[in-house]
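Notes for the one structure printed next.
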Amino acid sequence: MYLLARGMEKAVSRKQLRRDRKENRKETMKDGRKEMAEPRCCLSVSKMTYTVSERIGPWWDLPSYRKRWTRQILNDVSFHVDSGEIMGILGNSGSGKTTLLHAISGRIRNSGTLMGEVFINGRKLAREEYQDCFSYVLQSDNLLSYLTVEETLTYTAQLALRRHSSQAIQNKVSAVMAELSLTHVARSVIGGRVFPGISGGERRRVSIASQLLQDPRVILLDEPTTGLDSMTANQIVVLLAELARRNRVVIVTIHQPRSEIFTVFSRIAVMSRGELVFCGQPNEMVDFFSQCGYECPEYCNPFDIYVDFTSVDTRSSDREAATFTRMHEITCSYRASAIFNRMLARMQESLNVQNKAAIPFKSKESPGGVAKLAVLFRRTMRNLSRDRMGVLMRLSQNLIYGLFVAFFVMRLDDDVAKGAVQDRIGIIYQCVGASPYTGMLNAVALFPALRAIGDQESQDGLYSKWQMFLAYIFHILPFSVLSVFIFTSFLYWTVGMHPETWRFLCFTAVVMVPHITGELLTVVLLGVVQDPNMVNTGVALLNIAGILVGSGFLRSTAQMPIVFQWLSYLTFQKYSCELLVVTEFHGLRFACNHSSHLPEQCLITQGDQIVDEGYPGALSRYTLDFALLYSFLPALLLLGIITFKIRDRLVLH
């Protein structure tokens with residue numbers, strides 16, 4: 001088995017590794033000298049325990065919903081790892097592997113009771129220091145699809161190391177790409193579901209490279225081989241082992257590894273029901289389980305066999321009791337073994353060192369808030385602007401809707417008897433009512449992917465979530481302005497609305513606010529509501545309610561109850577409709593064909609009659625309505641910043 005593992009290591013991408021190392025020889029040598037100069041690092045986790053309190057029944061069953069039961073996720077987990085070692089954590093689903101990494105990295109916030117201590121070089125870490133000390137690679141790769149590998153790493157480096165010169169950042173990116181054998185795909189796009197890009201193994205290496213840019217001494221990886229074929233998964237594990245040998249601590253949770261990499265790990269831990277059933281070297285693992293009476297059959301994968309021995313079978317109460325007893329017996333044997341005592345001795349030795357080495361925090365030379373915002377804006381703009389179909393749809397969706405309206409109306413008439421007033425009111429209604437929906441569709445389609453990346457990178461300490469929110473909003477403004485201008489330029493002149501340039505510009509300026517507000521409101525709600533479908537429904541209902549209360553089309557504002565009159569002032573539809581009605585009807589004169597209609601149908605001869613009857617005093621409020629309408633945009637921006645600050649506290653892991 002050892003020979004197989006060694007042969008596997010030699011076979012993994014040796015040619016490519018040599019090529020990358022030659023291209024970046026100078027950078028690699030500098031990094032190597034730096035790593036050799038750094039003192040060794042050790043990680044100790046002592047008595048880590050985590051419990052959560054959960055509701056028993058569904059929310060509609062109040063008696064049972066009020067009751068809580070306490071569930072223990074981690075139970076007295078302790079281990080010690082030194083620099084140069086890679087530790088693999090095995091266990092079945094629900095054993096607590098991911099929760100252990102979350103606890104070590106400081107990603108558990110106010111969702112339960114966390115107890116235990118973490119030491120680096122024998123120094124106890126404060127809870128708020130966890131994030132600054134550990135780099136954490138999540139199970140899923142949250143990467144921007146339209147950026148290249150080099151661009152992805154460069155933007156990450158600018159967010160983390162902007163105080164460095166541009167050349168220093170480029171050298172750092174080149175060195176990291178060489179270290180992870182990514183130089184040959186540096187100018188390849190990441191790719192996604194719609195179009196191909198780099199392979200799954202290369203995507204995973206890009207995620208690891210993003211963390212290495214901050215020079216972490218301790219790297220945590222949650223299921224880095226998930227979704228990869230067996231060969232690629234083995235290559236990733238061998239690569240991580242090489243990273244560990246360069247004076248780092250690497251801890252990996254792994255699911256169903258092949259037996260060939262059994263000896264690649266320096267230490268192997270097995271978890272079950274939140275307890276550490278075993279933690280030791282690979283050769284110690286085989287001897288330990290054999291002494292417990294659970295030998296690994298010949299030609300079987302020891303990983304699979306030992307995980308099966310320690311798992312609890314919940315298919316029936318009898319099997320659960322029997323397998324839990326077996327797991328508990330193995331755990332007790334481990335805690336009474338010499339392996340466990342040696343681990344405690346190593347931990348105590350690191351704590352008792354007189355001149356302890358300093359805690360190796362990640363690089364904190366990040367730029368200021370404005371500089372981070374500029375980097376995020378450039379990254380968002382470059383990524384989304386490369387989506388040709390997405391850009392085309394953003395610019396044309398309002399125009400496509402305008403084609404339907406223009407085809408239905410054809411050409412406005414000045415004859416009251418032929419619907420001159422009704423047709424104009426209908427166009428205004430459609431412009432105010434439909435524009436928010438197109439903005440909402442943009443946000444629902446584009447922002448959730450950026451939100452996932454923002455959640456991850458903000459937890460890594462690169463920036464705050466509200467900065468990602470602002471970068472996205474600033475990015476949509478030019479697209480929104482151009483999209484609405486194309487829409488109004490076509491619709492306004494095609495159907496024959498009031499033929500004055502200043503009225504057209506006012507019409508465009510008014511229609512732009514509902515469109516931007518629809519997208520902005522959707523993004524604000526996505527800050528606190530995880531499900532985009534719920535946000536979609538919520539924005540649609542809010543838009544309908546605003547039309548009913550604020551537009552004055554269904555019922556005159558003066559005839560509504562006083563409560564709805566006050567509520568109408570909180571809707572942008574009130575100001576939009578008033579402005580558009582004044583813009584179109586003020587000074588407009590109508591004709592009437594008496595030969596075919598009764599005189600009573602020709603009572604309306606001037607557009608100002610429509611303004612005075614439906615919106616008394618609107619002409620005198622024209623400038624004020626514009627100011628109030630555009631005040632919704634900064635108000636929603638401020639609300640968005642608040643919601644994303646709240647999201648920082650609400651996101652539980």
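Each chain of the structure tokens is named A, B, ... in the order shown, its residues numbered from 1; ligands are numbered from 1 in display order.
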Skipping near chain neighbours, those fewer than 6 positions away, what residues fall within 12 Å of Pro634 (chain A) using only C-alpha atoms, listed as a CSV table (one decimal) with C-alpha atoms, in the first residue's frame?
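File written: out26.csv
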```
chain,number,residue,atom,x,y,z
A,470,LEU,CA,-22.8,49.0,-3.2
A,473,ILE,CA,-25.6,48.9,-7.4
A,513,VAL,CA,-36.7,55.7,-11.1
A,516,ILE,CA,-33.9,51.3,-10.7
A,517,THR,CA,-36.1,51.1,-7.6
A,520,LEU,CA,-32.6,48.1,-5.8
A,521,LEU,CA,-35.5,47.0,-3.7
A,627,ALA,CA,-37.1,65.7,-5.6
A,628,LEU,CA,-39.2,63.3,-3.5
A,640,GLY,CA,-29.5,48.2,1.8
A,641,ILE,CA,-26.4,49.0,3.7
```
Sorted by chain and rising residue number, list the residues of region 458-570 of chain A at most 7 Å from region 576-587 of chain A (counting only C-alpha atoms), each with its closest atom pair and distance in Å to one decimal, as a tab-separated table.
```
residue	atom	partner	partner_atom	distance
A:His498	CA	A:Glu584	CA	5.9
A:Arg503	CA	A:Thr583	CA	5.8
A:Phe507	CA	A:Leu580	CA	6.3
A:Val510	CA	A:Ser576	CA	6.1
A:Ser551	CA	A:Cys577	CA	5.6
```
Any chance you could export the current selection's C-alpha atoms as an mmCIF file, in the first residue's frame?
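Printed below is result.cif as written:
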```cif
data_model
loop_
_atom_site.group_PDB
_atom_site.id
_atom_site.type_symbol
_atom_site.label_atom_id
_atom_site.label_comp_id
_atom_site.auth_asym_id
_atom_site.auth_seq_id
_atom_site.Cartn_x
_atom_site.Cartn_y
_atom_site.Cartn_z
ATOM 1 C CA HIS A 498 -46.389 65.192 -26.514
ATOM 2 C CA ARG A 503 -41.120 66.622 -21.969
ATOM 3 C CA PHE A 507 -40.613 61.381 -19.129
ATOM 4 C CA VAL A 510 -39.320 59.708 -14.294
ATOM 5 C CA SER A 551 -51.132 55.924 -8.591
#
```
Q: Considering only C-alpha atoms, return as a PyMOL selection string whatever protein or nucleic-acid residues lie within 10 Å of region 352-358 of chain A, sequence-local ones (same chain, fewer than 5 positions apart) excluded.
A: chain A and resi 38-42+120-123+346-347
Q.
Using only C-alpha atoms, which protein or nucleic acid residues come within 7 Å of Ile89 (chain A)? Drop anything in the same chain fewer than 4 positions from it, and give the result as a PyMOL selection string.
A. chain A and resi 97+252-254+268-270
Expected file contents, prior selection, C-alpha atoms, as an mmCIF file, in the first residue's frame:
```cif
data_model
loop_
_atom_site.group_PDB
_atom_site.id
_atom_site.type_symbol
_atom_site.label_atom_id
_atom_site.label_comp_id
_atom_site.auth_asym_id
_atom_site.auth_seq_id
_atom_site.Cartn_x
_atom_site.Cartn_y
_atom_site.Cartn_z
ATOM 1 C CA LYS A 97 -16.596 17.134 10.612
ATOM 2 C CA VAL A 252 -8.933 18.319 5.561
ATOM 3 C CA THR A 253 -12.336 16.716 5.943
ATOM 4 C CA ILE A 254 -12.625 14.017 3.323
ATOM 5 C CA ILE A 268 -5.890 10.655 10.476
ATOM 6 C CA ALA A 269 -8.883 11.457 12.676
ATOM 7 C CA VAL A 270 -12.171 9.551 12.695
#
```
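The residue that comes closest to Ile198 (chain A), out of A:Met381, A:Leu182, A:Ile236, A:Ala175 and on the basis of only C-alpha atoms, is A:Leu182.
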Q) With distances taken over only C-alpha atoms, which of A:Leu629, A:Leu446, A:Cys506, A:Leu138 is nearest to Phe485 (chain A)? A)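 Smallest distance to Phe485 (chain A) is found for A:Cys506.
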Q) Residues at most 9 Å from Ala452 (chain A), counting only C-alpha atoms, excluding those fewer than 5 positions away in the same chain, as a ChimeraX atom specification? A) /A:142,447,457
File of the preceding selection, N, CA and C atoms, as a compact mmCIF listing (two decimals), in the first residue's frame:
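Generated output (again-v5.txt):
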```txt
# COMPACT_ATOMS: atom_id res chain seq x y z
N ASN A 142 -17.15 29.03 -4.93
CA ASN A 142 -17.88 30.23 -5.31
C ASN A 142 -16.94 31.16 -6.06
N PHE A 447 -27.85 38.65 -8.89
CA PHE A 447 -27.27 38.97 -7.59
C PHE A 447 -27.05 37.78 -6.66
N GLU A 457 -16.34 35.67 1.07
CA GLU A 457 -15.17 36.54 1.16
C GLU A 457 -15.25 37.49 2.36
```
Q: Please identify which residues in region 76-164 of chain A DSSP calls strand (DSSP E) from the backbone, and express them as a list in words.
A: Asp76, Val77, Ser78, Phe79, His80, Val81, Asp82, Ile86, Met87, Gly88, Ile89, Leu90, Thr113, Leu114, Met115, Gly116, Glu117, Val118, Phe119, Ile120, Arg123, Lys124, Phe134, Ser135, Tyr136 and Val137 of chain A
Kindly export the residues of the current selection with N, CA, C and O atoms, as an mmCIF file, in the first residue's frame.
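Saved file part.cif follows:
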```
data_model
loop_
_atom_site.group_PDB
_atom_site.id
_atom_site.type_symbol
_atom_site.label_atom_id
_atom_site.label_comp_id
_atom_site.auth_asym_id
_atom_site.auth_seq_id
_atom_site.Cartn_x
_atom_site.Cartn_y
_atom_site.Cartn_z
ATOM 1 N N ASP A 76 -16.273 17.284 23.387
ATOM 2 C CA ASP A 76 -14.951 17.149 23.988
ATOM 3 C C ASP A 76 -13.903 16.688 22.963
ATOM 4 O O ASP A 76 -13.215 15.678 23.147
ATOM 5 N N VAL A 77 -13.768 17.464 21.877
ATOM 6 C CA VAL A 77 -12.825 17.116 20.810
ATOM 7 C C VAL A 77 -11.486 17.788 21.097
ATOM 8 O O VAL A 77 -11.422 19.010 21.290
ATOM 9 N N SER A 78 -10.413 16.994 21.120
ATOM 10 C CA SER A 78 -9.065 17.520 21.348
ATOM 11 C C SER A 78 -8.105 16.857 20.373
ATOM 12 O O SER A 78 -8.180 15.642 20.139
ATOM 13 N N PHE A 79 -7.187 17.660 19.807
ATOM 14 C CA PHE A 79 -6.133 17.102 18.958
ATOM 15 C C PHE A 79 -5.009 18.125 18.839
ATOM 16 O O PHE A 79 -5.154 19.297 19.202
ATOM 17 N N HIS A 80 -3.882 17.664 18.311
ATOM 18 C CA HIS A 80 -2.706 18.515 18.162
ATOM 19 C C HIS A 80 -2.051 18.201 16.820
ATOM 20 O O HIS A 80 -1.864 17.029 16.464
ATOM 21 N N VAL A 81 -1.707 19.256 16.058
ATOM 22 C CA VAL A 81 -1.072 19.093 14.747
ATOM 23 C C VAL A 81 0.095 20.064 14.666
ATOM 24 O O VAL A 81 -0.023 21.229 15.074
ATOM 25 N N ASP A 82 1.219 19.589 14.126
ATOM 26 C CA ASP A 82 2.410 20.422 13.970
ATOM 27 C C ASP A 82 2.562 20.873 12.524
ATOM 28 O O ASP A 82 1.944 20.330 11.602
ATOM 29 N N ILE A 86 -0.312 17.119 7.494
ATOM 30 C CA ILE A 86 -1.658 17.206 6.940
ATOM 31 C C ILE A 86 -2.524 16.189 7.671
ATOM 32 O O ILE A 86 -2.172 15.002 7.744
ATOM 33 N N MET A 87 -3.621 16.651 8.242
ATOM 34 C CA MET A 87 -4.520 15.779 8.988
ATOM 35 C C MET A 87 -5.818 15.611 8.221
ATOM 36 O O MET A 87 -6.448 16.603 7.813
ATOM 37 N N GLY A 88 -6.213 14.380 7.994
ATOM 38 C CA GLY A 88 -7.477 14.076 7.350
ATOM 39 C C GLY A 88 -8.510 13.674 8.378
ATOM 40 O O GLY A 88 -8.246 12.817 9.230
ATOM 41 N N ILE A 89 -9.689 14.306 8.326
ATOM 42 C CA ILE A 89 -10.775 13.992 9.252
ATOM 43 C C ILE A 89 -11.831 13.204 8.487
ATOM 44 O O ILE A 89 -12.413 13.698 7.516
ATOM 45 N N LEU A 90 -12.060 11.958 8.919
ATOM 46 C CA LEU A 90 -13.033 11.078 8.288
ATOM 47 C C LEU A 90 -14.273 10.969 9.163
ATOM 48 O O LEU A 90 -14.265 11.295 10.349
ATOM 49 N N THR A 113 -24.133 26.980 21.854
ATOM 50 C CA THR A 113 -23.150 27.166 22.916
ATOM 51 C C THR A 113 -21.853 26.484 22.508
ATOM 52 O O THR A 113 -21.807 25.261 22.360
ATOM 53 N N LEU A 114 -20.810 27.283 22.307
ATOM 54 C CA LEU A 114 -19.513 26.765 21.893
ATOM 55 C C LEU A 114 -18.535 26.909 23.047
ATOM 56 O O LEU A 114 -18.348 27.996 23.586
ATOM 57 N N MET A 115 -17.913 25.802 23.415
ATOM 58 C CA MET A 115 -16.923 25.795 24.488
ATOM 59 C C MET A 115 -15.662 25.116 23.977
ATOM 60 O O MET A 115 -15.696 24.332 23.037
ATOM 61 N N GLY A 116 -14.549 25.432 24.596
ATOM 62 C CA GLY A 116 -13.275 24.860 24.200
ATOM 63 C C GLY A 116 -12.262 25.942 23.898
ATOM 64 O O GLY A 116 -12.579 27.137 23.867
ATOM 65 N N GLU A 117 -11.043 25.538 23.675
ATOM 66 C CA GLU A 117 -9.953 26.482 23.458
ATOM 67 C C GLU A 117 -9.133 26.055 22.251
ATOM 68 O O GLU A 117 -8.989 24.863 21.958
ATOM 69 N N VAL A 118 -8.587 27.072 21.553
ATOM 70 C CA VAL A 118 -7.712 26.845 20.409
ATOM 71 C C VAL A 118 -6.397 27.557 20.694
ATOM 72 O O VAL A 118 -6.383 28.734 21.080
ATOM 73 N N PHE A 119 -5.298 26.838 20.495
ATOM 74 C CA PHE A 119 -3.968 27.384 20.753
ATOM 75 C C PHE A 119 -3.145 27.331 19.474
ATOM 76 O O PHE A 119 -3.181 26.341 18.732
ATOM 77 N N ILE A 120 -2.409 28.408 19.217
ATOM 78 C CA ILE A 120 -1.423 28.438 18.145
ATOM 79 C C ILE A 120 -0.071 28.719 18.778
ATOM 80 O O ILE A 120 0.096 29.731 19.474
ATOM 81 N N ARG A 123 -0.092 29.567 22.377
ATOM 82 C CA ARG A 123 -0.790 30.790 22.794
ATOM 83 C C ARG A 123 -2.283 30.633 22.525
ATOM 84 O O ARG A 123 -2.682 30.253 21.421
ATOM 85 N N LYS A 124 -3.082 30.965 23.524
ATOM 86 C CA LYS A 124 -4.521 30.831 23.380
ATOM 87 C C LYS A 124 -5.071 31.927 22.469
ATOM 88 O O LYS A 124 -4.746 33.101 22.618
ATOM 89 N N PHE A 134 -6.862 31.596 10.522
ATOM 90 C CA PHE A 134 -7.094 30.417 9.696
ATOM 91 C C PHE A 134 -7.651 30.808 8.328
ATOM 92 O O PHE A 134 -8.476 31.713 8.216
ATOM 93 N N SER A 135 -7.210 30.094 7.308
ATOM 94 C CA SER A 135 -7.816 30.192 5.979
ATOM 95 C C SER A 135 -8.704 28.980 5.788
ATOM 96 O O SER A 135 -8.305 27.844 6.097
ATOM 97 N N TYR A 136 -9.901 29.216 5.257
ATOM 98 C CA TYR A 136 -10.905 28.163 5.184
ATOM 99 C C TYR A 136 -11.402 28.054 3.746
ATOM 100 O O TYR A 136 -11.922 29.017 3.186
ATOM 101 N N VAL A 137 -11.246 26.880 3.145
ATOM 102 C CA VAL A 137 -11.743 26.609 1.794
ATOM 103 C C VAL A 137 -13.031 25.808 1.927
ATOM 104 O O VAL A 137 -13.018 24.680 2.428
#
```
Q) Near Leu147 (chain A), counting only C-alpha atoms, which residues have an atom at most 12 Å away, once you skip same-chain residues fewer than 3 positions from it, shown as number ranges by chain? A) A: 143-144, 150-156, 185-192, 197-198, 206, 378-387
Q.
Let me make sure I understand: among A:Pro532, A:Pro478, A:Pro360, A:Gly518, which one has the smallest atom-to-atom distance to Pro216 (chain A) if we use only C-alpha atoms?
A.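 Of A:Pro532, A:Pro478, A:Pro360, A:Gly518, the one nearest Pro216 (chain A), counting only C-alpha atoms, is A:Pro360.
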Q | Picked from region 336-463 of chain A by DSSP as helix (DSSP H, G or I), as a VMD selection string | A | chain A and resid 338 to 352 369 to 385 388 to 409 416 to 418 420 to 459
Q) Near Phe564 (chain A), counting only C-alpha atoms, which residues have an atom at most 8 Å away, once you skip same-chain residues fewer than 4 positions from it, shown as a VMD selection string? A) chain A and resid 549 560 568
(Q) So, with only C-alpha atoms as the atoms that count, which of A:Ile544, A:Leu392, A:His328, A:Tyr146 lies closest to Gly274 (chain A)? (A)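 Result for the nearest residue to Gly274 (chain A): A:His328.
Nearest to Arg127 (chain A) of all the residues A:Glu298, A:Arg205, A:Ala103, A:Gln139 is A:Ala103, counting only C-alpha atoms.
For the choices A:Ser145, A:Ser266, A:Thr643, A:Asn536, the atom-to-atom distance to Val249 (chain A) is smallest for A:Ser266 when using only C-alpha atoms.
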